[in-house]
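Participant: Got a file for you: data11.cif, mmCIF, C-alpha atoms.
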```
data_work
#
loop_
_atom_site.label_atom_id
_atom_site.label_comp_id
_atom_site.auth_asym_id
_atom_site.auth_seq_id
_atom_site.Cartn_x
_atom_site.Cartn_y
_atom_site.Cartn_z
CA MET A 575 17.71 -35.03 13.64
CA SER A 576 19.64 -32.36 11.76
CA ASN A 577 23.22 -32.77 10.73
CA SER A 578 25.09 -29.62 11.83
CA ASN A 579 28.05 -30.63 9.65
CA SER A 580 26.05 -30.51 6.42
CA PRO A 581 27.41 -28.27 3.63
CA SER A 582 24.36 -26.02 3.67
CA HIS A 583 24.72 -25.45 7.41
CA ALA A 584 28.41 -24.61 6.98
CA LYS A 585 27.55 -22.03 4.32
CA ARG A 586 24.90 -20.45 6.53
CA ALA A 587 27.31 -20.36 9.45
CA LEU A 588 29.68 -18.08 7.50
CA ARG A 589 29.49 -14.57 8.84
CA LEU A 590 27.67 -12.25 6.46
CA THR A 591 30.25 -9.47 6.32
CA ALA A 592 29.85 -6.29 4.31
CA GLN A 593 32.03 -7.87 1.61
CA ARG A 594 29.80 -10.97 1.42
CA LYS A 595 26.67 -8.81 1.34
CA PHE A 596 28.13 -6.88 -1.57
CA GLU A 597 29.05 -10.16 -3.33
CA LEU A 598 25.44 -11.30 -2.90
CA TYR A 599 24.21 -7.97 -4.26
CA LEU A 600 26.43 -8.29 -7.34
CA ALA A 601 25.48 -11.94 -7.86
CA THR A 602 21.78 -11.05 -7.93
CA ARG A 603 22.12 -8.21 -10.48
CA PRO A 604 21.83 -10.25 -13.72
CA ALA A 605 18.22 -10.70 -14.85
CA ASP A 606 18.67 -14.48 -15.04
CA ALA A 607 20.35 -14.78 -11.62
CA PRO A 608 18.87 -17.57 -9.47
CA ARG A 609 17.89 -15.23 -6.63
CA GLY A 610 16.21 -17.90 -4.55
CA GLU A 611 19.22 -20.20 -4.76
CA LEU A 612 21.63 -17.35 -3.96
CA VAL A 613 19.57 -16.26 -0.96
CA ARG A 614 19.65 -19.86 0.35
CA GLN A 615 23.40 -20.15 -0.28
CA TYR A 616 24.09 -17.00 1.72
CA GLY A 617 21.64 -18.00 4.44
CA VAL A 618 19.49 -14.87 4.24
CA HIS A 619 15.84 -14.16 3.59
CA LEU A 620 14.48 -12.30 0.59
CA ASP A 621 13.69 -9.32 2.87
CA ASP A 622 17.37 -9.27 3.90
CA LEU A 623 18.36 -9.14 0.24
CA ARG A 624 15.99 -6.23 -0.36
CA HIS A 625 17.53 -4.38 2.59
CA ILE A 626 21.03 -5.04 1.24
CA GLU A 627 19.96 -3.75 -2.19
CA GLN A 628 18.51 -0.56 -0.69
CA THR A 629 21.62 0.02 1.40
CA VAL A 630 24.04 -0.49 -1.50
CA GLU A 631 22.02 1.68 -3.86
CA SER A 632 21.53 4.55 -1.40
CA ALA A 633 25.23 4.48 -0.45
CA ALA A 634 26.21 4.55 -4.12
CA LEU A 635 23.93 7.53 -4.75
CA ALA A 636 25.34 9.40 -1.75
CA ALA A 637 28.90 8.76 -2.93
CA LEU A 638 28.09 9.91 -6.46
CA LYS A 639 26.42 13.07 -5.17
CA ALA A 640 29.41 13.88 -2.96
CA GLN A 641 31.76 13.22 -5.86
CA GLY A 642 29.72 15.55 -8.07
CA ARG A 643 30.07 18.33 -5.50
CA HIS A 644 33.77 17.55 -5.10
CA GLU A 645 33.23 16.82 -1.43
CA ARG A 646 35.02 14.27 0.62
CA LEU A 647 33.02 11.34 1.87
CA PRO A 648 32.52 11.34 5.63
CA ARG A 649 35.16 9.35 7.41
CA GLU A 650 34.37 6.94 10.17
CA VAL A 651 33.54 8.56 13.48
CA SER A 652 35.33 7.39 16.61
CA PRO A 653 33.28 6.08 19.53
CA ALA A 654 34.59 8.97 21.66
CA ARG A 655 33.26 11.49 19.12
CA VAL A 656 29.90 9.70 19.05
CA LEU A 657 29.70 9.96 22.84
CA GLN A 658 30.64 13.64 22.71
CA LEU A 659 27.97 14.35 20.09
CA GLU A 660 25.36 12.38 22.04
CA GLN A 661 26.19 14.40 25.16
CA GLU A 662 25.92 17.68 23.25
CA LEU A 663 22.61 16.57 21.77
CA GLY A 664 21.33 15.70 25.25
CA GLU A 665 22.35 19.11 26.59
CA LYS A 666 20.71 20.92 23.69
CA THR A 667 17.55 18.84 24.03
CA ALA A 668 17.35 19.68 27.74
CA ALA A 669 17.92 23.40 27.03
CA LEU A 670 15.23 23.34 24.35
CA ALA A 671 12.81 21.68 26.77
CA GLU A 672 13.52 24.36 29.38
CA LEU A 673 12.97 27.13 26.82
CA SER A 674 9.74 25.50 25.72
CA VAL A 675 8.44 25.42 29.30
CA ALA A 676 9.47 29.05 29.86
CA TYR A 677 7.78 30.12 26.62
CA THR A 678 4.58 28.28 27.54
CA LEU A 679 4.51 29.89 30.99
CA LEU A 680 5.15 33.33 29.50
CA GLU A 681 2.42 32.81 26.92
CA LYS A 682 -0.06 31.79 29.66
CA LYS A 683 0.93 34.81 31.74
CA GLU A 684 0.40 37.15 28.77
CA ARG A 685 -3.03 35.63 28.09
CA ALA A 686 -4.00 36.11 31.73
CA VAL A 687 -2.83 39.75 31.75
CA SER A 688 -4.19 40.60 28.30
CA PRO A 689 -7.94 40.17 29.03
CA ALA A 690 -7.63 42.07 32.32
CA SER A 691 -5.88 45.01 30.64
CA SER A 692 -8.40 45.13 27.80
CA ARG A 693 -11.27 45.16 30.31
CA ALA A 694 -9.60 47.97 32.24
CA SER A 695 -8.96 50.07 29.13
CA GLY A 696 -12.53 49.45 27.95
CA SER A 697 -13.99 50.71 31.22
CA ARG A 698 -11.79 53.82 31.05
CA ARG A 699 -13.08 54.59 27.59
CA ARG A 700 -16.67 54.39 28.76
CA ARG A 701 -16.02 56.76 31.65
CA ALA A 702 -14.30 59.28 29.42
CA THR A 703 -17.31 59.67 27.13
#
```
The structure given in the file should be rewritten as C-alpha cells.

Facilitator:
Amino acid sequence: MSNSNSPSHAKRALRLTAQRKFELYLATRPADAPRGELVRQYGVHLDDLRHIEQTVESAALAALKAQGRHERLPREVSPARVLQLEQELGEKTAALAELSVAYTLLEKKERAVSPASSRASGSRRRRAT
C-alpha cells in the first residue's frame, strides 16, 4: 500500500513548469551534480532530462543567432493567428494538389500525342524521298 502523502510523492506531484525544467537543467550542469537524485526529486526520467537539455540548448543557440543578426526574437503567436495560418496552409496544399494533378494529366496527354506525331512525321519523310 503506497502512502500518497509521502514527501517524494508530493515532490513528484508538483507541476513541471518551464521554470522548474530550467531549474533542473541548471542543477544538472555541474560535473559532480547528482543527476540521478535530481531526476528523482523532479519526478522525471533521464530521457525527459535529455529532452529538456536539448530544448534549452537549441533555444539558447537560436536566441544567440538572432541577437547576432540584430533581429527580434519571435513573439508568441495568438491562437487566432495559428488558425489563420493553418487555414492558409490547407488552401495552399489543396491548390498544390490540384496543380499536381493537372500537370500529371497534361504530361500524360503530351506523351500520348508525342509518339503519334513522331510516327506521322516519320511516314511523311519516307514518302517525300

Participant: I'd like the residues picked by the PyMOL selection byres ((chain A and resi 627) around 12) written out as a PDB file with C-alpha atoms, keeping the file's coordinate frame, using the chain letters and numbers from the file.

Facilitator:
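This is the output file result04.pdb:
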```pdb
ATOM      1  CA  LYS A 595      26.670  -8.810   1.340  1.00  0.00           C
ATOM      2  CA  PHE A 596      28.130  -6.880  -1.570  1.00  0.00           C
ATOM      3  CA  GLU A 597      29.050 -10.160  -3.330  1.00  0.00           C
ATOM      4  CA  LEU A 598      25.440 -11.300  -2.900  1.00  0.00           C
ATOM      5  CA  TYR A 599      24.210  -7.970  -4.260  1.00  0.00           C
ATOM      6  CA  LEU A 600      26.430  -8.290  -7.340  1.00  0.00           C
ATOM      7  CA  ALA A 601      25.480 -11.940  -7.860  1.00  0.00           C
ATOM      8  CA  THR A 602      21.780 -11.050  -7.930  1.00  0.00           C
ATOM      9  CA  ARG A 603      22.120  -8.210 -10.480  1.00  0.00           C
ATOM     10  CA  LEU A 620      14.480 -12.300   0.590  1.00  0.00           C
ATOM     11  CA  ASP A 621      13.690  -9.320   2.870  1.00  0.00           C
ATOM     12  CA  ASP A 622      17.370  -9.270   3.900  1.00  0.00           C
ATOM     13  CA  LEU A 623      18.360  -9.140   0.240  1.00  0.00           C
ATOM     14  CA  ARG A 624      15.990  -6.230  -0.360  1.00  0.00           C
ATOM     15  CA  HIS A 625      17.530  -4.380   2.590  1.00  0.00           C
ATOM     16  CA  ILE A 626      21.030  -5.040   1.240  1.00  0.00           C
ATOM     17  CA  GLN A 628      18.510  -0.560  -0.690  1.00  0.00           C
ATOM     18  CA  THR A 629      21.620   0.020   1.400  1.00  0.00           C
ATOM     19  CA  VAL A 630      24.040  -0.490  -1.500  1.00  0.00           C
ATOM     20  CA  GLU A 631      22.020   1.680  -3.860  1.00  0.00           C
ATOM     21  CA  SER A 632      21.530   4.550  -1.400  1.00  0.00           C
ATOM     22  CA  ALA A 633      25.230   4.480  -0.450  1.00  0.00           C
ATOM     23  CA  ALA A 634      26.210   4.550  -4.120  1.00  0.00           C
TER      24      ALA A 634
END
```

Participant: In Å, with one decimal, what is the gap from CA of Leu659 in chain A to CA of Leu673 in chain A?

Facilitator: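 Going from CA of Leu659 in chain A over to CA of Leu673 in chain A covers 20.8 Å.
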
Participant: Between CA of Glu650 in chain A and CA of Glu662 in chain A, what is the distance, to one decimal in Å?

Facilitator: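 CA of Glu662 in chain A lies 18.9 Å from CA of Glu650 in chain A.
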
Participant: By how many Å are CA of Arg649 in chain A and CA of Arg594 in chain A apart?

Facilitator: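 A separation of 21.9 Å between them.
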
Participant: Please determine, counting all atoms listed in the file, which residue among A:Leu635, A:Val656, A:Val618, A:Ala676 has the shortest atom-to-atom distance to Arg589 in chain A.

Facilitator: A:Val618

Participant: Take range 585-607 of chain A, model N, CA, C and O atoms, and hand the result over as an mmCIF file, in the coordinates of the input.

Facilitator:
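Contents of out.cif, as written:
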```cif
data_model
loop_
_atom_site.group_PDB
_atom_site.id
_atom_site.type_symbol
_atom_site.label_atom_id
_atom_site.label_comp_id
_atom_site.auth_asym_id
_atom_site.auth_seq_id
_atom_site.Cartn_x
_atom_site.Cartn_y
_atom_site.Cartn_z
ATOM 1 N N LYS A 585 27.651 -23.274 5.087
ATOM 2 C CA LYS A 585 27.550 -22.030 4.320
ATOM 3 C C LYS A 585 26.784 -20.978 5.100
ATOM 4 O O LYS A 585 27.117 -19.814 5.091
ATOM 5 N N ARG A 586 25.695 -21.400 5.778
ATOM 6 C CA ARG A 586 24.900 -20.450 6.530
ATOM 7 C C ARG A 586 25.663 -19.924 7.748
ATOM 8 O O ARG A 586 25.448 -18.819 8.190
ATOM 9 N N ALA A 587 26.570 -20.752 8.263
ATOM 10 C CA ALA A 587 27.310 -20.360 9.450
ATOM 11 C C ALA A 587 28.351 -19.284 9.150
ATOM 12 O O ALA A 587 28.836 -18.628 10.049
ATOM 13 N N LEU A 588 28.718 -19.125 7.850
ATOM 14 C CA LEU A 588 29.680 -18.080 7.500
ATOM 15 C C LEU A 588 29.100 -16.718 7.861
ATOM 16 O O LEU A 588 27.937 -16.443 7.593
ATOM 17 N N ARG A 589 29.927 -15.904 8.438
ATOM 18 C CA ARG A 589 29.490 -14.570 8.840
ATOM 19 C C ARG A 589 29.199 -13.735 7.599
ATOM 20 O O ARG A 589 29.962 -13.728 6.642
ATOM 21 N N LEU A 590 28.067 -13.063 7.609
ATOM 22 C CA LEU A 590 27.670 -12.250 6.460
ATOM 23 C C LEU A 590 28.279 -10.857 6.625
ATOM 24 O O LEU A 590 27.650 -9.924 7.116
ATOM 25 N N THR A 591 29.519 -10.735 6.209
ATOM 26 C CA THR A 591 30.250 -9.470 6.320
ATOM 27 C C THR A 591 29.757 -8.509 5.246
ATOM 28 O O THR A 591 29.004 -8.889 4.330
ATOM 29 N N ALA A 592 30.210 -7.285 5.327
ATOM 30 C CA ALA A 592 29.850 -6.290 4.310
ATOM 31 C C ALA A 592 30.319 -6.764 2.940
ATOM 32 O O ALA A 592 29.596 -6.617 1.942
ATOM 33 N N GLN A 593 31.497 -7.368 2.886
ATOM 34 C CA GLN A 593 32.030 -7.870 1.610
ATOM 35 C C GLN A 593 31.119 -8.954 1.045
ATOM 36 O O GLN A 593 30.794 -8.949 -0.138
ATOM 37 N N ARG A 594 30.687 -9.884 1.893
ATOM 38 C CA ARG A 594 29.800 -10.970 1.420
ATOM 39 C C ARG A 594 28.436 -10.426 1.015
ATOM 40 O O ARG A 594 27.834 -10.901 0.061
ATOM 41 N N LYS A 595 27.952 -9.421 1.724
ATOM 42 C CA LYS A 595 26.670 -8.810 1.340
ATOM 43 C C LYS A 595 26.795 -8.163 -0.040
ATOM 44 O O LYS A 595 25.899 -8.275 -0.874
ATOM 45 N N PHE A 596 27.919 -7.511 -0.282
ATOM 46 C CA PHE A 596 28.130 -6.880 -1.570
ATOM 47 C C PHE A 596 28.272 -7.939 -2.668
ATOM 48 O O PHE A 596 27.764 -7.774 -3.777
ATOM 49 N N GLU A 597 28.948 -9.052 -2.372
ATOM 50 C CA GLU A 597 29.050 -10.160 -3.330
ATOM 51 C C GLU A 597 27.652 -10.686 -3.679
ATOM 52 O O GLU A 597 27.363 -10.950 -4.843
ATOM 53 N N LEU A 598 26.813 -10.844 -2.668
ATOM 54 C CA LEU A 598 25.440 -11.300 -2.900
ATOM 55 C C LEU A 598 24.697 -10.285 -3.766
ATOM 56 O O LEU A 598 24.001 -10.663 -4.721
ATOM 57 N N TYR A 599 24.858 -9.031 -3.463
ATOM 58 C CA TYR A 599 24.210 -7.970 -4.260
ATOM 59 C C TYR A 599 24.634 -8.095 -5.721
ATOM 60 O O TYR A 599 23.802 -8.095 -6.628
ATOM 61 N N LEU A 600 25.936 -8.197 -5.962
ATOM 62 C CA LEU A 600 26.430 -8.290 -7.340
ATOM 63 C C LEU A 600 25.954 -9.569 -8.025
ATOM 64 O O LEU A 600 25.616 -9.549 -9.216
ATOM 65 N N ALA A 601 25.902 -10.663 -7.277
ATOM 66 C CA ALA A 601 25.480 -11.940 -7.860
ATOM 67 C C ALA A 601 24.008 -11.922 -8.282
ATOM 68 O O ALA A 601 23.613 -12.630 -9.205
ATOM 69 N N THR A 602 23.218 -11.095 -7.615
ATOM 70 C CA THR A 602 21.780 -11.050 -7.930
ATOM 71 C C THR A 602 21.437 -9.996 -8.984
ATOM 72 O O THR A 602 20.265 -9.842 -9.330
ATOM 73 N N ARG A 603 22.401 -9.266 -9.498
ATOM 74 C CA ARG A 603 22.120 -8.210 -10.480
ATOM 75 C C ARG A 603 21.675 -8.734 -11.842
ATOM 76 O O ARG A 603 20.789 -8.148 -12.447
ATOM 77 N N PRO A 604 22.278 -9.804 -12.392
ATOM 78 C CA PRO A 604 21.830 -10.250 -13.720
ATOM 79 C C PRO A 604 20.351 -10.665 -13.682
ATOM 80 O O PRO A 604 19.866 -11.207 -12.681
ATOM 81 N N ALA A 605 19.651 -10.388 -14.774
ATOM 82 C CA ALA A 605 18.220 -10.700 -14.850
ATOM 83 C C ALA A 605 17.954 -12.192 -14.663
ATOM 84 O O ALA A 605 16.933 -12.584 -14.099
ATOM 85 N N ASP A 606 18.889 -13.038 -15.131
ATOM 86 C CA ASP A 606 18.670 -14.480 -15.040
ATOM 87 C C ASP A 606 19.312 -15.093 -13.786
ATOM 88 O O ASP A 606 19.427 -16.308 -13.681
ATOM 89 N N ALA A 607 19.716 -14.274 -12.840
ATOM 90 C CA ALA A 607 20.350 -14.780 -11.620
ATOM 91 C C ALA A 607 19.339 -15.590 -10.815
ATOM 92 O O ALA A 607 18.191 -15.178 -10.652
#
```
